[in-house]
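S.K.: To be precise about what I am sending: the file is called structure.txt and holds compact mmCIF, C-alpha atoms (C1' of nucleotides).
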```txt
# COMPACT_ATOMS: atom_id res chain seq x y z
CA MET H 27 83.06 33.86 125.23
CA LEU H 28 85.08 33.39 128.31
CA CYS H 29 82.81 30.94 130.02
CA VAL H 30 84.21 28.05 128.07
CA VAL H 31 87.62 28.60 129.50
CA LYS H 32 87.56 26.68 132.74
CA SER H 33 85.48 25.23 135.50
CA THR H 34 84.90 28.28 137.61
CA ARG H 35 81.81 29.16 139.59
CA TRP H 36 80.67 31.56 136.88
CA LEU H 37 77.75 33.88 137.41
CA SER H 38 74.39 32.70 136.17
CA ASP H 39 72.68 34.86 133.58
CA ASP H 40 70.51 36.39 136.27
CA GLU H 41 73.43 37.08 138.53
CA GLN H 42 75.35 38.53 135.62
CA LYS H 43 72.51 40.89 134.91
CA VAL H 44 72.17 41.97 138.53
CA TRP H 45 75.90 42.58 138.70
CA ARG H 46 76.08 44.62 135.52
CA THR H 47 73.08 46.69 136.50
CA TYR H 48 74.53 47.20 139.92
CA LEU H 49 77.71 48.53 138.38
CA LEU H 50 75.74 50.88 136.19
CA ALA H 51 73.57 52.12 139.04
CA ASN H 52 76.64 52.72 141.09
CA GLN H 53 78.30 54.74 138.40
CA LEU H 54 75.21 56.83 137.95
CA LEU H 55 75.09 57.50 141.65
CA TRP H 56 78.73 58.42 142.04
CA ALA H 57 78.85 60.51 138.94
CA ALA H 58 75.83 62.51 140.02
CA LEU H 59 77.02 62.86 143.58
CA ASP H 60 80.52 63.93 142.74
CA ARG H 61 79.35 66.36 140.15
CA GLN H 62 76.81 67.96 142.44
CA LEU H 63 79.30 68.34 145.28
CA GLN H 64 82.06 69.54 143.01
CA ARG H 65 79.74 72.14 141.58
CA ASP H 66 78.11 73.31 144.82
CA ALA H 67 80.90 72.82 147.32
CA GLY H 68 84.08 72.46 145.29
CA MET H 69 85.03 69.10 146.74
CA PRO H 70 84.63 65.41 145.98
CA HIS H 71 82.34 63.19 148.00
CA ALA H 72 85.15 61.70 150.05
CA TYR H 73 86.04 65.13 151.36
CA TYR H 74 82.45 65.93 152.12
CA MET H 75 82.23 62.79 154.23
CA ILE H 76 85.24 63.89 156.24
CA LEU H 77 83.62 67.20 157.06
CA ALA H 78 80.33 65.49 157.82
CA MET H 79 81.90 63.03 160.25
CA LEU H 80 83.78 65.80 162.01
CA SER H 81 80.63 67.90 162.29
CA GLU H 82 78.88 65.12 164.19
CA ALA H 83 81.76 64.31 166.50
CA PRO H 84 81.93 65.65 170.04
CA ASN H 85 83.65 69.01 169.93
CA ARG H 86 83.84 68.56 166.16
CA GLU H 87 87.11 66.76 166.31
CA LEU H 88 88.44 63.25 165.75
CA THR H 89 91.78 61.55 165.50
CA MET H 90 93.01 60.59 162.07
CA SER H 91 92.50 56.92 162.83
CA GLN H 92 88.94 57.35 163.96
CA LEU H 93 88.24 59.45 160.93
CA ALA H 94 89.84 56.93 158.60
CA ARG H 95 87.69 54.15 159.99
CA MET H 96 84.51 56.17 159.79
CA VAL H 97 84.91 57.25 156.20
CA GLY H 98 86.54 53.99 155.12
CA SER H 99 89.80 55.45 153.85
CA SER H 100 93.35 54.27 154.03
CA PRO H 101 95.52 56.33 156.39
CA SER H 102 97.41 57.67 153.43
CA ARG H 103 94.34 58.76 151.55
CA LEU H 104 92.95 60.47 154.60
CA SER H 105 96.20 62.24 155.29
CA HIS H 106 96.32 63.66 151.79
CA ALA H 107 92.68 64.65 151.95
CA VAL H 108 93.00 66.37 155.30
CA SER H 109 96.06 68.22 154.06
CA ARG H 110 93.95 69.54 151.25
CA LEU H 111 91.08 70.47 153.55
CA GLU H 112 93.46 72.14 155.96
CA GLN H 113 94.95 74.13 153.15
CA ALA H 114 91.44 75.27 152.29
CA GLY H 115 90.96 76.38 155.87
CA TRP H 116 88.12 73.95 156.59
CA VAL H 117 89.99 71.67 158.97
CA ARG H 118 92.79 72.17 161.47
CA ARG H 119 95.32 69.63 162.69
CA ARG H 120 97.00 69.53 166.07
CA LYS H 121 98.92 67.03 168.15
CA HIS H 122 97.07 64.95 170.69
CA ASP H 123 97.58 66.13 174.25
CA THR H 124 98.64 62.87 175.87
CA ASP H 125 99.64 60.59 172.98
CA GLY H 126 102.35 62.14 170.89
CA ARG H 127 101.72 59.83 167.97
CA THR H 128 98.16 60.72 167.17
CA THR H 129 96.98 63.92 165.57
CA VAL H 130 93.51 65.35 165.99
CA ALA H 131 91.61 66.94 163.13
CA SER H 132 88.96 69.51 163.95
CA LEU H 133 86.37 71.24 161.83
CA THR H 134 86.76 75.01 161.58
CA ASP H 135 83.83 77.40 161.49
CA ASP H 136 84.53 77.98 157.82
CA GLY H 137 84.44 74.23 157.28
CA PHE H 138 81.14 73.96 159.06
CA ALA H 139 79.72 76.78 156.98
CA VAL H 140 80.76 75.12 153.74
CA LEU H 141 79.27 71.85 154.90
CA ALA H 142 76.02 73.49 155.95
CA ALA H 143 75.79 75.17 152.59
CA ALA H 144 76.41 71.98 150.67
CA ALA H 145 74.30 69.60 152.72
CA PRO H 146 70.79 70.37 151.46
CA GLY H 147 71.73 69.96 147.82
CA HIS H 148 73.61 66.79 148.61
CA VAL H 149 70.73 65.22 150.51
CA GLU H 150 68.37 66.19 147.75
CA GLU H 151 70.64 64.46 145.25
CA VAL H 152 70.87 61.27 147.29
CA ARG H 153 67.14 61.27 147.71
CA SER H 154 66.31 61.84 144.10
CA ILE H 155 68.68 59.21 142.80
CA LEU H 156 68.53 56.51 145.43
CA PHE H 157 65.43 56.78 147.60
CA ASP H 158 62.83 58.35 145.35
CA PRO H 159 62.88 55.55 142.76
CA LEU H 160 62.42 52.90 145.47
CA THR H 161 59.35 51.78 147.35
CA PRO H 162 59.53 51.77 151.16
CA GLU H 163 59.78 47.97 151.08
CA GLN H 164 62.71 48.19 148.72
CA VAL H 165 64.47 50.65 150.97
CA GLU H 166 64.06 48.22 153.80
CA GLN H 167 65.30 45.35 151.64
CA LEU H 168 68.28 47.40 150.54
CA GLY H 169 69.09 48.06 154.17
CA ALA H 170 69.14 44.34 154.89
CA ILE H 171 71.20 43.63 151.79
CA VAL H 172 73.94 46.15 152.47
CA ALA H 173 74.01 45.05 156.08
CA ALA H 174 74.57 41.47 154.94
CA ILE H 175 77.41 42.57 152.69
CA VAL H 176 79.10 44.56 155.39
CA ALA H 177 78.51 41.95 158.07
CA PRO H 178 81.37 39.56 157.16
CA ASN H 179 83.73 42.44 157.92
CA ASP H 180 82.16 43.16 161.27
CA GLY H 181 85.65 43.19 162.78
CA ARG H 182 85.79 46.93 162.31
CA ALA H 183 88.26 48.68 160.07
CA PRO H 184 88.69 46.16 157.28
CA HIS H 185 92.11 47.61 156.51
CA LEU H 186 90.79 49.38 153.45
CA MET M 24 73.98 69.03 164.12
CA LEU M 25 73.16 70.13 160.66
CA CYS M 26 69.52 69.15 160.65
CA VAL M 27 68.49 72.33 162.43
CA VAL M 28 69.78 74.45 159.64
CA LYS M 29 66.90 74.61 157.20
CA SER M 30 63.75 73.02 155.97
CA THR M 31 65.16 70.40 153.66
CA ARG M 32 63.82 66.94 152.99
CA TRP M 33 66.40 65.38 155.31
CA LEU M 34 66.88 61.65 155.50
CA SER M 35 65.02 59.83 158.23
CA ASP M 36 67.12 57.92 160.73
CA ASP M 37 66.39 54.69 158.89
CA GLU M 38 67.27 56.17 155.53
CA GLN M 39 70.40 57.66 157.00
CA LYS M 40 71.45 54.27 158.25
CA VAL M 41 70.74 52.57 154.94
CA TRP M 42 72.70 55.24 153.13
CA ARG M 43 75.72 55.05 155.40
CA THR M 44 75.78 51.29 155.27
CA TYR M 45 75.42 51.40 151.53
CA LEU M 46 78.46 53.66 151.30
CA LEU M 47 80.43 51.30 153.49
CA ALA M 48 79.39 48.19 151.56
CA ASN M 49 80.34 49.92 148.37
CA GLN M 50 83.75 50.83 149.61
CA LEU M 51 84.36 47.30 150.76
CA LEU M 52 83.35 46.00 147.38
CA TRP M 53 85.45 48.39 145.35
CA ALA M 54 88.47 48.09 147.55
CA ALA M 55 88.41 44.31 147.33
CA LEU M 56 87.73 44.28 143.62
CA ASP M 57 90.38 46.77 142.70
CA ARG M 58 92.94 45.12 144.90
CA GLN M 59 92.26 41.67 143.50
CA LEU M 60 92.45 42.85 139.90
CA GLN M 61 95.49 44.99 140.51
CA ARG M 62 97.23 42.05 142.08
CA ASP M 63 96.20 39.36 139.60
CA ALA M 64 95.92 41.31 136.38
CA GLY M 65 97.78 44.56 136.95
CA MET M 66 94.85 46.78 136.10
CA PRO M 67 91.99 48.58 137.81
CA HIS M 68 88.42 47.42 137.48
CA ALA M 69 87.53 50.06 134.91
CA TYR M 70 90.15 48.66 132.57
CA TYR M 71 89.01 45.12 133.13
CA MET M 72 85.50 46.13 132.12
CA ILE M 73 86.80 47.59 128.88
CA LEU M 74 88.50 44.33 127.97
CA ALA M 75 85.42 42.37 129.05
CA MET M 76 83.09 44.40 126.87
CA LEU M 77 85.38 44.09 123.89
CA SER M 78 85.67 40.36 124.38
CA GLU M 79 81.91 39.95 124.09
CA ALA M 80 81.49 42.23 121.11
CA PRO M 81 81.19 40.86 117.58
CA ASN M 82 84.68 40.53 116.15
CA ARG M 83 85.93 41.76 119.52
CA GLU M 84 85.77 45.38 118.52
CA LEU M 85 83.69 48.42 119.36
CA THR M 86 83.78 52.12 118.67
CA MET M 87 84.94 54.39 121.45
CA SER M 88 81.43 55.77 121.88
CA GLN M 89 79.84 52.36 122.20
CA LEU M 90 82.51 51.34 124.65
CA ALA M 91 82.08 54.51 126.68
CA ARG M 92 78.36 53.92 126.99
CA MET M 93 78.78 50.28 127.94
CA VAL M 94 81.29 50.85 130.68
CA GLY M 95 79.77 54.15 131.77
CA SER M 96 82.81 56.31 131.22
CA SER M 97 83.27 59.81 129.95
CA PRO M 98 84.87 59.99 126.50
CA SER M 99 87.96 61.46 128.04
CA ARG M 100 88.36 58.80 130.65
CA LEU M 101 87.90 56.09 128.07
CA SER M 102 90.38 57.67 125.72
CA HIS M 103 93.05 57.79 128.40
CA ALA M 104 92.27 54.25 129.47
CA VAL M 105 92.42 52.85 125.97
CA SER M 106 95.69 54.66 125.39
CA ARG M 107 97.06 52.84 128.39
CA LEU M 108 95.67 49.50 127.27
CA GLU M 109 96.99 50.04 123.79
CA GLN M 110 100.40 50.81 125.19
CA ALA M 111 100.22 47.52 127.08
CA GLY M 112 99.46 45.75 123.82
CA TRP M 113 96.02 44.56 124.91
CA VAL M 114 93.94 46.77 122.66
CA ARG M 115 94.48 48.25 119.21
CA ARG M 116 92.96 51.40 117.74
CA ARG M 117 92.17 52.07 114.10
CA LYS M 118 90.07 54.48 112.12
CA HIS M 119 86.55 53.51 111.15
CA ASP M 120 86.23 52.53 107.49
CA THR M 121 83.34 54.73 106.47
CA ASP M 122 83.09 57.36 109.20
CA GLY M 123 86.30 59.30 109.57
CA ARG M 124 85.37 60.62 112.99
CA THR M 125 85.00 57.40 114.86
CA THR M 126 87.78 55.09 115.93
CA VAL M 127 87.29 51.43 116.70
CA ALA M 128 89.07 49.67 119.50
CA SER M 129 89.73 45.95 119.19
CA LEU M 130 90.94 43.39 121.67
CA THR M 131 94.27 41.77 120.81
CA ASP M 132 95.04 38.14 121.48
CA ASP M 133 97.30 39.21 124.30
CA GLY M 134 94.45 41.24 125.73
CA PHE M 135 92.13 38.28 125.55
CA ALA M 136 94.69 36.10 127.27
CA VAL M 137 95.10 38.55 130.13
CA LEU M 138 91.35 38.79 130.49
CA ALA M 139 90.91 35.03 130.47
CA ALA M 140 93.57 34.70 133.13
CA ALA M 141 92.02 37.33 135.35
CA ALA M 142 88.38 36.40 134.96
CA PRO M 143 88.08 33.41 137.31
CA GLY M 144 89.62 35.23 140.24
CA HIS M 145 87.50 38.25 139.57
CA VAL M 146 84.26 36.29 139.42
CA GLU M 147 85.20 34.48 142.58
CA GLU M 148 85.73 37.82 144.30
CA VAL M 149 82.41 39.23 143.16
CA ARG M 150 80.70 36.09 144.29
CA SER M 151 82.28 35.94 147.70
CA ILE M 152 81.65 39.58 148.51
CA LEU M 153 78.32 40.28 146.87
CA PHE M 154 76.39 37.09 146.15
CA ASP M 155 77.51 34.67 148.83
CA PRO M 156 76.31 36.79 151.75
CA LEU M 157 72.87 37.19 150.16
CA THR M 158 69.92 34.83 150.01
CA PRO M 159 68.44 34.10 146.57
CA GLU M 160 65.48 36.32 147.45
CA GLN M 161 67.82 39.15 148.30
CA VAL M 162 69.65 38.76 145.01
CA GLU M 163 66.33 39.05 143.25
CA GLN M 164 65.39 42.08 145.34
CA LEU M 165 68.73 43.69 144.61
CA GLY M 166 68.14 43.16 140.92
CA ALA M 167 64.83 45.00 141.14
CA ILE M 168 66.36 47.77 143.21
CA VAL M 169 69.26 48.53 140.91
CA ALA M 170 66.94 48.31 137.94
CA ALA M 171 64.71 50.93 139.56
CA ILE M 172 67.68 53.19 140.15
CA VAL M 173 68.92 52.90 136.61
CA ALA M 174 65.46 53.16 135.09
CA PRO M 175 65.06 56.96 135.31
CA ASN M 176 68.06 57.24 133.02
CA ASP M 177 66.68 54.81 130.50
CA GLY M 178 67.48 57.35 127.81
CA ARG M 179 70.81 55.66 127.27
CA ALA M 180 74.16 57.31 127.85
CA PRO M 181 73.45 59.44 130.90
CA HIS M 182 76.23 61.81 129.90
CA LEU M 183 78.45 60.47 132.63
C1' DG S 27 79.06 74.32 96.86
C1' DG S 28 79.70 76.30 101.32
C1' DC S 29 78.46 77.47 106.00
C1' DG S 30 77.06 76.42 110.81
C1' DG S 31 76.37 73.19 114.04
C1' DA S 32 76.50 68.50 115.89
C1' DA S 33 79.11 64.29 116.75
C1' DA S 34 83.44 61.63 117.84
C1' DG S 35 87.77 61.71 119.90
C1' DT S 36 91.96 63.48 121.81
C1' DT S 37 94.94 66.26 124.70
C1' DG S 38 97.03 68.65 128.84
C1' DA S 39 96.79 70.31 133.30
C1' DA S 40 95.13 69.92 137.83
C1' DC S 41 93.60 66.89 141.12
C1' DT S 42 92.84 62.51 143.68
C1' DC S 43 94.17 58.02 144.94
C1' DT S 44 97.35 54.03 145.71
C1' DC S 45 101.33 51.88 147.18
C1' DA S 46 105.46 51.45 149.45
C1' DA S 47 108.77 53.51 152.29
C1' DC S 48 109.47 56.05 156.14
C1' DC S 49 109.55 58.61 160.90
C1' DA S 50 108.09 59.19 165.51
C1' DT S 51 106.06 57.64 169.65
C1' DC S 52 104.30 54.36 172.80
C1' DA S 53 104.34 49.65 175.16
C1' DT S 54 106.55 45.74 177.03
C1' DC S 55 109.67 42.78 178.61
C1' DG S 56 114.14 40.94 179.67
C1' DC U 4 116.99 51.12 181.52
C1' DG U 5 117.19 49.86 176.71
C1' DA U 6 116.03 46.96 172.77
C1' DT U 7 111.93 45.31 170.04
C1' DG U 8 107.83 45.52 168.08
C1' DA U 9 103.42 47.73 167.45
C1' DT U 10 100.69 51.91 166.64
C1' DG U 11 99.64 56.43 164.41
C1' DG U 12 100.70 59.26 160.72
C1' DT U 13 103.10 61.39 156.86
C1' DT U 14 105.48 61.65 152.40
C1' DG U 15 106.67 61.08 147.38
C1' DA U 16 106.15 58.97 143.22
C1' DG U 17 103.34 56.89 139.89
C1' DA U 18 98.77 55.83 138.05
C1' DG U 19 94.01 57.11 137.17
C1' DT U 20 90.34 60.63 136.71
C1' DT U 21 88.20 65.13 135.70
C1' DC U 22 87.45 69.21 133.31
C1' DA U 23 87.82 72.34 129.74
C1' DA U 24 89.66 73.35 125.36
C1' DC U 25 90.56 71.79 120.86
C1' DT U 26 90.58 69.15 116.22
C1' DT U 27 88.46 66.68 112.78
C1' DT U 28 84.71 64.89 110.36
C1' DC U 29 79.99 64.56 109.18
C1' DC U 30 75.23 66.37 108.38
C1' DG U 31 71.61 69.61 106.92
C1' DC U 32 70.28 73.55 104.63
C1' DC U 33 70.42 77.97 102.30
```
When written as structure tokens, how does the structure in this file appear?

M.R.:
Amino acid sequence: MLCVVKSTRWLSDDEQKVWRTYLLANQLLWAALDRQLQRDAGMPHAYYMILAMLSEAPNRELTMSQLARMVGSSPSRLSHAVSRLEQAGWVRRRKHDTDGRTTVASLTDDGFAVLAAAAPGHVEEVRSILFDPLTPEQVEQLGAIVAAIVAPNDGRAPHL
Amino acid sequence: MLCVVKSTRWLSDDEQKVWRTYLLANQLLWAALDRQLQRDAGMPHAYYMILAMLSEAPNRELTMSQLARMVGSSPSRLSHAVSRLEQAGWVRRRKHDTDGRTTVASLTDDGFAVLAAAAPGHVEEVRSILFDPLTPEQVEQLGAIVAAIVAPNDGRAPHL
DNA sequence: GGCGGAAAGTTGAACTCTCAACCATCATCG
DNA sequence: CGATGATGGTTGAGAGTTCAACTTTCCGCC
């Protein structure tokens, strides 16, 4: 056992159990989500989120920075992802009109179509795995919990 | 907006918000965890979990299947990971005595040392990101919530 | 005994992600 | 005006993951 090693603030047995179960739940969720999206839309969840964010933006376009913040990606990751999406014809890139540094990504009609096709199945999956097993009170509690976890990083864009 | 597209069981505004915040909290957690472990132990969280599970097992060894179930990996992923860990000298592989199909992975002394060195920092990270921001009631609630999410897959080994 | 299928693992290729290095453009200030 | 630093983004290499195909071994049954 490791817990004899030093005086650290180890997790209590209860905390340990919550943590381990959390990890398991998470893996279940991601595995199911990624598999569903890969099967039905041919893309991982991160890419789906990019399309989703673009679809809700005014004029269906956002700068790379905005996008990166919204989906919680590093600039690099986003750049690679958008390259891929562009290559698939779902997103287009162009230079910003007034600021030569920034590039704007916009959702194409094809991209929107793919998103629209994938969305129902995706929502159904989220619902069946996350929301259906929970009572309304638990959903509310979960909302407060995740809010509390995110809160310390309220300073926007936690340089992920 | 996508929600005009079809009659799906879309998420309510509240559910939507919980879901988005959950995604963000998750990303924060993983990013911090992976960065801390990469920095302090030179391995991603998935690898840490493998060492951790082995360290708690009787005689510090487990079959690949057992290990895969415990850490929630696909056989392939685990095989690649263990190859890497073996190459680092932290894990050893050998054939099972009586069943020629199965291979057992065991934690080396070096592996245990690396784990012991990384553990305190890791626990501290988990604590500061997940448990510290939560009240004791919330921790309890979270426990119930993740248990409810995992429960439907009680049938062990959800073929991840 | 031998055959068919299940179980346990491994492998290779394609893909995604991370990390560090890098380029270009804007802002500011002497 | 021109240097300096900050901002926005991209690139390439290396590491990790996924997916499908494959091998080997075990089990049950004719």

S.K.: Could you write out as a PyMOL selection string the residues of chain M within 6 Å of chain H, counting only C-alpha atoms?

M.R.: chain M and resi 41+45+48+156+166+169+171-173

S.K.: Skipping near chain neighbours, those fewer than 4 positions away, what residues fall within 12 Å of DT42 of chain S using only C-alpha atoms (C1' of nucleotides), listed as a list in words?

M.R.: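 Contacts, in chain order: Met69, Pro70, His71, Ala72, Tyr73, Ser102, Arg103, Leu104, His106, Ala107 and Arg110 of chain H; DA18, DG19, DT20 and DT21 of chain U.
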
S.K.: For chain M, list the residues within 10 Å of chain S, counting all atoms listed in the file, and write the list as JSON, numbers by chain.

M.R.: {"M": [58, 86, 87, 88, 98, 99, 101, 102, 103, 122, 123, 124, 125, 126]}

S.K.: Measure the distance from atom CA of Arg115 of chain M to atom CA of Asp132 of chain M in Å and round it to one decimal.

M.R.: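 Calculated distance between atom CA of Arg115 of chain M and atom CA of Asp132 of chain M is 10.4 Å.
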
S.K.: Work out how far apart atom CA of Val137 of chain M and atom CA of Trp113 of chain M are and give it in Å to one decimal.

M.R.: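 Going from atom CA of Val137 of chain M over to atom CA of Trp113 of chain M, I get 8.0 Å.
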
S.K.: Of the candidates M:Asp36, M:Gln59, M:Glu148, M:Lys118, which one gets nearest to chain U if we count all atoms listed in the file?

M.R.: M:Lys118

S.K.: Show me, as a PyMOL selection string, the residues of chain U whose atoms get within 9 Å of chain H, using all atoms listed in the file for the distance check.

M.R.: chain U and resi 10-13

S.K.: Any idea what the distance is between atom CA of Val117 of chain H and atom CA of Asp136 of chain H?

M.R.: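 Pair atom CA of Val117 of chain H / atom CA of Asp136 of chain H returns 8.4 Å.
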